[in-house]
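First comes the structure, then the notes that go with it.
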Amino acid sequence: MIQLTVDSQPVDVAEGATVLHAITQAGISTPTLCYDPVMRPVNVCRVCVVELKGARALVPACSRPAEQGMEILTDSPRVRQARRVVLELLQSSVDTSTAPDLQRFAEHYGARPERFGDGERVDQPVRADDNELYVRDYGKCILCYKCVEACGEEAQFTFAIGVAGRGFTAHIDTGFDAPLVESPCVYCGNCVAVCPTGALMGRTEWDMRQQGDWRPAEQSTHETICPYCGVGCGLRVISQNDRVVKIESPRDHPVTRGFLCVKGRFGYDFVNRR
């Protein structure tokens, strides 16, 4: 075990744990966007940075290994300013209307995105016509890389997508912007499951949002087992007005870790066709 302090609170964590694990064990909430508990940290968003006493630079809590005797500060003026600027930069260029966590973090830290960018936004077309299962709106993408990792060796091993372009033209790409049907995509939707901003969204949810019919307050959730094969994947079935509108999988499920195949995630429409 390793002994350290988080905001002057003593914490013991197992050797190999990250700073974020130590912070969580201390009962302190830290904002994260690119971090996923079941995938390897890519530390690209930098919204989880913390201050280590004696260190020159702030460090990403999601990937920095905890060390004996560390003194971690999660809410110092330096940390708050860094997080605020990161959130301002993210909000200044992309549509975050379907990113509730990001909006909540921005409100908490008093972010003012109007300070940057002169209103210039990422200009990417909504890719809504290349398949019937999910929609890609890269005008909402913060390039957190979570979809790339989920499509790759962290979950699906399909490697259908990557990041292409620079600056405002940077976007998630299928390879020379080929149509999705010409890519290796197997439509598992695991990229949709990990997206924190709604840049990737199931077709049913997207259509309902366009029509103004998506009402989370009226939705109910039930957990069950996927009926398609014998693996035993866990499903979280979300319904609205007695109609299945979305399928998820719990991130802490011992079989799926939140990931599903195309049938488990999208094969529910027949239930609504009575």
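Within each chain, counting starts at residue 1; across the structure tokens, chains are named A, B, ... in the order shown, with ligands numbered 1 upward in that order.
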For Gln25 (chain A), find every residue with an atom within 10 Å (counting only C-alpha atoms), except residues of its own chain fewer than 2 positions away, and show them as a PyMOL selection string. chain A and resi 6+11-13+19-23+27-29
Using only C-alpha atoms, which protein or nucleic acid residues come within 7 Å of region 172-178 of chain A? Drop anything in the same chain fewer than 4 positions from it, and give the result as JSON, numbers by chain. {"A": [160, 161, 162, 163, 164, 182, 183]}
In region 50-142 of chain A, what's alpha helix (DSSP H) per DSSP? Answer as number ranges by chain? A: 77-93, 100-108
Just N, CA and C atoms for this one: save the residues we selected as a PDB file, in the first residue's frame.
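File produced: selection11.pdb:
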ATOM      1  N   PRO A  77      -6.182  27.382  -6.252  1.00  0.00           N
ATOM      2  CA  PRO A  77      -6.443  28.410  -7.269  1.00  0.00           C
ATOM      3  C   PRO A  77      -5.830  28.065  -8.620  1.00  0.00           C
ATOM      4  N   ARG A  78      -4.646  27.474  -8.608  1.00  0.00           N
ATOM      5  CA  ARG A  78      -3.987  27.105  -9.853  1.00  0.00           C
ATOM      6  C   ARG A  78      -4.772  26.020 -10.596  1.00  0.00           C
ATOM      7  N   VAL A  79      -5.279  25.047  -9.855  1.00  0.00           N
ATOM      8  CA  VAL A  79      -6.072  23.971 -10.450  1.00  0.00           C
ATOM      9  C   VAL A  79      -7.377  24.523 -11.002  1.00  0.00           C
ATOM     10  N   ARG A  80      -8.053  25.350 -10.247  1.00  0.00           N
ATOM     11  CA  ARG A  80      -9.333  25.904 -10.688  1.00  0.00           C
ATOM     12  C   ARG A  80      -9.160  26.743 -11.947  1.00  0.00           C
ATOM     13  N   GLN A  81      -8.098  27.532 -12.012  1.00  0.00           N
ATOM     14  CA  GLN A  81      -7.880  28.342 -13.203  1.00  0.00           C
ATOM     15  C   GLN A  81      -7.611  27.472 -14.425  1.00  0.00           C
ATOM     16  N   ALA A  82      -6.793  26.437 -14.262  1.00  0.00           N
ATOM     17  CA  ALA A  82      -6.477  25.557 -15.385  1.00  0.00           C
ATOM     18  C   ALA A  82      -7.731  24.866 -15.897  1.00  0.00           C
ATOM     19  N   ARG A  83      -8.530  24.337 -14.985  1.00  0.00           N
ATOM     20  CA  ARG A  83      -9.753  23.666 -15.407  1.00  0.00           C
ATOM     21  C   ARG A  83     -10.718  24.631 -16.082  1.00  0.00           C
ATOM     22  N   ARG A  84     -10.818  25.840 -15.551  1.00  0.00           N
ATOM     23  CA  ARG A  84     -11.719  26.826 -16.136  1.00  0.00           C
ATOM     24  C   ARG A  84     -11.312  27.156 -17.572  1.00  0.00           C
ATOM     25  N   VAL A  85     -10.028  27.358 -17.809  1.00  0.00           N
ATOM     26  CA  VAL A  85      -9.558  27.704 -19.156  1.00  0.00           C
ATOM     27  C   VAL A  85      -9.782  26.542 -20.126  1.00  0.00           C
ATOM     28  N   VAL A  86      -9.517  25.319 -19.684  1.00  0.00           N
ATOM     29  CA  VAL A  86      -9.755  24.154 -20.546  1.00  0.00           C
ATOM     30  C   VAL A  86     -11.227  24.092 -20.949  1.00  0.00           C
ATOM     31  N   LEU A  87     -12.116  24.272 -20.005  1.00  0.00           N
ATOM     32  CA  LEU A  87     -13.547  24.217 -20.294  1.00  0.00           C
ATOM     33  C   LEU A  87     -13.976  25.377 -21.190  1.00  0.00           C
ATOM     34  N   GLU A  88     -13.378  26.539 -20.994  1.00  0.00           N
ATOM     35  CA  GLU A  88     -13.693  27.678 -21.856  1.00  0.00           C
ATOM     36  C   GLU A  88     -13.259  27.408 -23.286  1.00  0.00           C
ATOM     37  N   LEU A  89     -12.079  26.850 -23.473  1.00  0.00           N
ATOM     38  CA  LEU A  89     -11.591  26.552 -24.813  1.00  0.00           C
ATOM     39  C   LEU A  89     -12.466  25.508 -25.496  1.00  0.00           C
ATOM     40  N   LEU A  90     -12.882  24.499 -24.755  1.00  0.00           N
ATOM     41  CA  LEU A  90     -13.738  23.473 -25.338  1.00  0.00           C
ATOM     42  C   LEU A  90     -15.086  24.063 -25.754  1.00  0.00           C
ATOM     43  N   GLN A  91     -15.690  24.837 -24.875  1.00  0.00           N
ATOM     44  CA  GLN A  91     -17.008  25.390 -25.173  1.00  0.00           C
ATOM     45  C   GLN A  91     -16.960  26.486 -26.231  1.00  0.00           C
ATOM     46  N   SER A  92     -15.805  27.100 -26.426  1.00  0.00           N
ATOM     47  CA  SER A  92     -15.715  28.224 -27.353  1.00  0.00           C
ATOM     48  C   SER A  92     -15.845  27.802 -28.810  1.00  0.00           C
ATOM     49  N   SER A  93     -15.628  26.523 -29.116  1.00  0.00           N
ATOM     50  CA  SER A  93     -15.559  26.126 -30.516  1.00  0.00           C
ATOM     51  C   SER A  93     -16.512  25.008 -30.915  1.00  0.00           C
ATOM     52  N   PRO A 100     -24.123  17.223 -20.916  1.00  0.00           N
ATOM     53  CA  PRO A 100     -24.525  17.717 -19.581  1.00  0.00           C
ATOM     54  C   PRO A 100     -23.375  17.767 -18.592  1.00  0.00           C
ATOM     55  N   ASP A 101     -22.464  16.797 -18.631  1.00  0.00           N
ATOM     56  CA  ASP A 101     -21.348  16.822 -17.688  1.00  0.00           C
ATOM     57  C   ASP A 101     -20.454  18.023 -17.934  1.00  0.00           C
ATOM     58  N   LEU A 102     -20.144  18.287 -19.197  1.00  0.00           N
ATOM     59  CA  LEU A 102     -19.296  19.426 -19.521  1.00  0.00           C
ATOM     60  C   LEU A 102     -19.970  20.729 -19.092  1.00  0.00           C
ATOM     61  N   GLN A 103     -21.254  20.854 -19.349  1.00  0.00           N
ATOM     62  CA  GLN A 103     -21.984  22.050 -18.938  1.00  0.00           C
ATOM     63  C   GLN A 103     -21.958  22.229 -17.423  1.00  0.00           C
ATOM     64  N   ARG A 104     -22.115  21.122 -16.710  1.00  0.00           N
ATOM     65  CA  ARG A 104     -22.098  21.187 -15.250  1.00  0.00           C
ATOM     66  C   ARG A 104     -20.723  21.622 -14.738  1.00  0.00           C
ATOM     67  N   PHE A 105     -19.670  21.074 -15.321  1.00  0.00           N
ATOM     68  CA  PHE A 105     -18.318  21.462 -14.914  1.00  0.00           C
ATOM     69  C   PHE A 105     -18.079  22.942 -15.216  1.00  0.00           C
ATOM     70  N   ALA A 106     -18.521  23.386 -16.390  1.00  0.00           N
ATOM     71  CA  ALA A 106     -18.301  24.775 -16.782  1.00  0.00           C
ATOM     72  C   ALA A 106     -19.011  25.738 -15.832  1.00  0.00           C
ATOM     73  N   GLU A 107     -20.208  25.379 -15.419  1.00  0.00           N
ATOM     74  CA  GLU A 107     -20.936  26.226 -14.477  1.00  0.00           C
ATOM     75  C   GLU A 107     -20.236  26.251 -13.127  1.00  0.00           C
ATOM     76  N   HIS A 108     -19.741  25.099 -12.697  1.00  0.00           N
ATOM     77  CA  HIS A 108     -19.078  25.010 -11.395  1.00  0.00           C
ATOM     78  C   HIS A 108     -17.822  25.881 -11.346  1.00  0.00           C
TER      79      HIS A 108
END
Exercise: Val135 (chain A) partners within 12 Å, only C-alpha atoms, chain neighbours under 6 positions left out, as a PDB file with C-alpha atoms, in the first residue's frame:
ATOM      1  CA  PRO A 125     -21.472  18.377 -41.505  1.00  0.00           C
ATOM      2  CA  VAL A 126     -23.895  16.177 -39.604  1.00  0.00           C
ATOM      3  CA  ARG A 127     -23.455  12.669 -40.978  1.00  0.00           C
ATOM      4  CA  ALA A 128     -26.993  11.348 -40.619  1.00  0.00           C
ATOM      5  CA  ASP A 129     -27.620   9.511 -43.880  1.00  0.00           C
ATOM      6  CA  LEU A 180     -19.263   4.486 -43.050  1.00  0.00           C
ATOM      7  CA  TYR A 187     -22.107  -0.915 -35.998  1.00  0.00           C
ATOM      8  CA  GLY A 189     -22.239   1.381 -31.161  1.00  0.00           C
ATOM      9  CA  CYS A 191     -18.246   4.522 -29.786  1.00  0.00           C
ATOM     10  CA  VAL A 192     -21.713   5.936 -29.123  1.00  0.00           C
ATOM     11  CA  CYS A 195     -19.081   9.640 -26.265  1.00  0.00           C
ATOM     12  CA  GLY A 198     -23.562  13.578 -27.951  1.00  0.00           C
ATOM     13  CA  ALA A 199     -21.391  13.889 -31.053  1.00  0.00           C
ATOM     14  CA  LEU A 200     -22.285  10.222 -31.559  1.00  0.00           C
ATOM     15  CA  MET A 201     -25.915   9.434 -30.854  1.00  0.00           C
ATOM     16  CA  GLY A 202     -28.313   6.565 -31.487  1.00  0.00           C
ATOM     17  CA  ARG A 203     -30.719   7.203 -34.346  1.00  0.00           C
ATOM     18  CA  THR A 204     -33.848   6.897 -32.207  1.00  0.00           C
ATOM     19  CA  GLU A 205     -32.607   9.437 -29.671  1.00  0.00           C
ATOM     20  CA  TRP A 206     -31.374  11.789 -32.404  1.00  0.00           C
ATOM     21  CA  ASP A 207     -34.715  11.690 -34.257  1.00  0.00           C
ATOM     22  CA  ARG A 209     -34.431  15.208 -30.110  1.00  0.00           C
ATOM     23  CA  GLN A 210     -34.943  16.751 -33.540  1.00  0.00           C
TER      24      GLN A 210
END
For region 30-46 of chain A, work out the shell of residues within 6 Å, counting only C-alpha atoms and skipping chain neighbours fewer than 2 positions away, then give it as an NGL selection string. :A and (48-49 or 63 or 144 or 154)
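Interatomic distance, CA of Ser239 (chain A) against CA of Ile225 (chain A): 15.8 Å.
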Would you kindly return, as a PDB file with C-alpha atoms, in the first residue's frame, each protein, DNA or RNA residue with an atom no farther than 8 Å from any atom of Met70 (chain A), considering only C-alpha atoms and excluding same-chain residues fewer than 4 positions away?
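Contents of the output file around_9.pdb:
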ATOM      1  CA  GLN A   3       0.324   6.465   1.839  1.00  0.00           C
ATOM      2  CA  LEU A   4      -0.378   9.973   0.532  1.00  0.00           C
ATOM      3  CA  THR A   5      -2.618  12.947   1.220  1.00  0.00           C
ATOM      4  CA  LEU A  52       1.300  18.078  -6.586  1.00  0.00           C
ATOM      5  CA  LYS A  53       3.229  19.921  -3.920  1.00  0.00           C
ATOM      6  CA  ALA A  66       0.224   7.559  -7.198  1.00  0.00           C
TER       7      ALA A  66
END
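From CA of Gly267 (chain A) back to CA of Pro196 (chain A), the distance works out to 22.8 Å.
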Can you list, as a ChimeraX atom specification, every protein, DNA or RNA residue that comes within 12 Å of His253 (chain A) when you count only C-alpha atoms, leaving out same-chain residues fewer than 3 positions away? /A:37-38,223-225,232-236,248-250,256-260
